[in-house]
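Shown next: final_12.pdb, containing PDB, C-alpha atoms.
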ATOM      1  CA  MET A   1     -12.055  46.388  15.288
ATOM      2  CA  ARG A   2      -8.566  45.759  13.949
ATOM      3  CA  MET A   3      -7.825  42.874  11.591
ATOM      4  CA  GLN A   4      -4.964  40.617  12.584
ATOM      5  CA  THR A   5      -2.368  39.896   9.966
ATOM      6  CA  LEU A   6      -1.634  36.270   9.204
ATOM      7  CA  SER A   7       1.901  34.989   9.302
ATOM      8  CA  ARG A   8       3.218  32.797   6.517
ATOM      9  CA  GLY A   9       3.031  29.769   8.791
ATOM     10  CA  LYS A  10      -0.655  30.354   9.526
ATOM     11  CA  VAL A  11      -1.445  30.843   5.828
ATOM     12  CA  VAL A  12       0.298  27.569   4.982
ATOM     13  CA  GLN A  13      -1.587  25.800   7.770
ATOM     14  CA  TYR A  14      -4.956  27.173   6.655
ATOM     15  CA  LEU A  15      -4.238  26.251   3.043
ATOM     16  CA  SER A  16      -3.164  22.769   4.147
ATOM     17  CA  ILE A  17      -6.408  22.247   6.022
ATOM     18  CA  LEU A  18      -8.463  23.626   3.127
ATOM     19  CA  THR A  19      -6.782  21.419   0.525
ATOM     20  CA  LEU A  20      -7.106  18.366   2.768
ATOM     21  CA  ALA A  21     -10.834  19.067   3.187
ATOM     22  CA  VAL A  22     -11.322  19.432  -0.575
ATOM     23  CA  THR A  23      -9.385  16.209  -1.174
ATOM     24  CA  VAL A  24     -11.597  14.332   1.279
ATOM     25  CA  LEU A  25     -14.780  15.845  -0.167
ATOM     26  CA  THR A  26     -13.825  14.869  -3.709
ATOM     27  CA  ALA A  27     -12.983  11.355  -2.516
ATOM     28  CA  VAL A  28     -16.607  10.720  -1.508
ATOM     29  CA  PRO A  29     -18.132  10.745  -5.028
ATOM     30  CA  LEU A  30     -15.157   8.784  -6.362
ATOM     31  CA  PHE A  31     -15.622   6.134  -3.672
ATOM     32  CA  LEU A  32     -19.376   5.942  -4.316
ATOM     33  CA  ALA A  33     -18.750   5.534  -8.044
ATOM     34  CA  TYR A  34     -16.282   2.752  -7.249
ATOM     35  CA  LEU A  35     -18.842   0.971  -5.065
ATOM     36  CA  ASN A  36     -21.431   1.200  -7.857
ATOM     37  CA  GLY A  37     -18.956  -0.239 -10.353
ATOM     38  CA  ASN A  38     -18.852   2.970 -12.366
ATOM     39  CA  GLU A  39     -15.965   5.130 -13.372
ATOM     40  CA  GLY A  40     -15.835   8.462 -11.553
ATOM     41  CA  LEU A  41     -16.293  11.726 -13.420
ATOM     42  CA  GLN A  42     -13.017  12.797 -14.976
ATOM     43  CA  PHE A  43     -13.075  16.376 -13.691
ATOM     44  CA  ILE A  44     -13.660  15.198 -10.100
ATOM     45  CA  THR A  45     -10.756  12.796 -10.468
ATOM     46  CA  ASP A  46      -8.572  15.595 -11.823
ATOM     47  CA  ILE A  47      -9.541  17.967  -8.998
ATOM     48  CA  HIS A  48      -8.943  15.220  -6.433
ATOM     49  CA  VAL A  49      -5.474  14.436  -7.749
ATOM     50  CA  TRP A  50      -4.288  18.027  -8.208
ATOM     51  CA  ILE A  51      -5.595  19.250  -4.867
ATOM     52  CA  GLY A  52      -4.033  16.173  -3.249
ATOM     53  CA  VAL A  53      -0.674  17.039  -4.810
ATOM     54  CA  ILE A  54      -0.982  20.619  -3.559
ATOM     55  CA  TRP A  55      -1.811  19.295  -0.080
ATOM     56  CA  VAL A  56       1.298  17.088  -0.058
ATOM     57  CA  ILE A  57       3.475  20.056  -1.040
ATOM     58  CA  LEU A  58       1.913  22.338   1.575
ATOM     59  CA  ALA A  59       2.097  19.733   4.332
ATOM     60  CA  ALA A  60       5.723  18.958   3.481
ATOM     61  CA  SER A  61       6.647  22.638   3.441
ATOM     62  CA  ASN A  62       4.824  23.130   6.734
ATOM     63  CA  PHE A  63       6.818  20.311   8.287
ATOM     64  CA  LEU A  64      10.209  20.988   6.691
ATOM     65  CA  VAL A  65      10.374  24.768   6.507
ATOM     66  CA  PHE A  66       8.542  25.696   9.674
ATOM     67  CA  LYS A  67       9.666  22.602  11.636
ATOM     68  CA  ARG A  68       6.088  22.249  12.823
ATOM     69  CA  PRO A  69       3.853  19.308  11.905
ATOM     70  CA  LEU A  70       0.275  19.973  10.834
ATOM     71  CA  PHE A  71      -1.008  17.796  13.665
ATOM     72  CA  GLN A  72       1.040  17.369  16.789
ATOM     73  CA  PHE A  73       0.628  13.734  17.793
ATOM     74  CA  ARG A  74       3.245  14.050  20.517
ATOM     75  CA  ARG A  75       0.761  15.588  22.933
ATOM     76  CA  TYR A  76      -1.360  12.411  22.786
ATOM     77  CA  LEU A  77       1.502  10.112  23.736
ATOM     78  CA  PRO A  78       1.935   9.127  27.386
ATOM     79  CA  ASP A  79       4.815  10.763  29.234
TER      80      ASP A  79
END

Would you put the structure from the file into structure tokens?
Amino acid sequence: MRMQTLSRGKVVQYLSILTLAVTVLTAVPLFLAYLNGNEGLQFITDIHVWIGVIWVILAASNFLVFKRPLFQFRRYLPD
């Protein structure tokens, strides 16, 4: 079985999806802490912010450099 090599565009897309997932997962404990009236743990806040910044950079590079949006909403629009 031969392994397929990933292109730069695919790597950026996979990293974008991974960082978005981590950002969403770290948002859950922060939101629950907010609902309880507590302050979220500092390291979760730091991870959330830094991974979110990385996601913005990756998504922007995916859109600008590869001229391909992460999600193609055009296919859901009526013709």

* **Explicit residues for the PyMOL selection byres ((chain A and resi 23-33) around 9) (as an MDAnalysis selection string)** => chainID A and resid 18:22 34:41 44:45 47:52 55

* To do: Can you work out the spacing between atom CA of Gln13 of chain A and atom CA of Gln42 of chain A in Å, to one decimal?
  =>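 Those two atoms sit 28.6 Å apart.
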
* Mind pulling up the distance from atom CA of Ala60 of chain A to atom CA of Gly9 of chain A? ->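 Separating atom CA of Gly9 of chain A from atom CA of Ala60 of chain A is a distance of 12.3 Å.
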
* Asked: Quick one, how far is atom CA of Lys10 of chain A from atom CA of Leu64 of chain A?
  ->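 A separation of 14.6 Å between them.
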
Let me know the centre plus edge lengths, in Å and rounded to one decimal, of a box with edges along x, y and z that contains all listed atoms of segment 38-43 of chain A and is padded by 4 Å on every side, as AutoDock Vina command-line options.
--center_x -15.9 --center_y 9.7 --center_z -13.3 --size_x 13.8 --size_y 21.4 --size_z 11.4
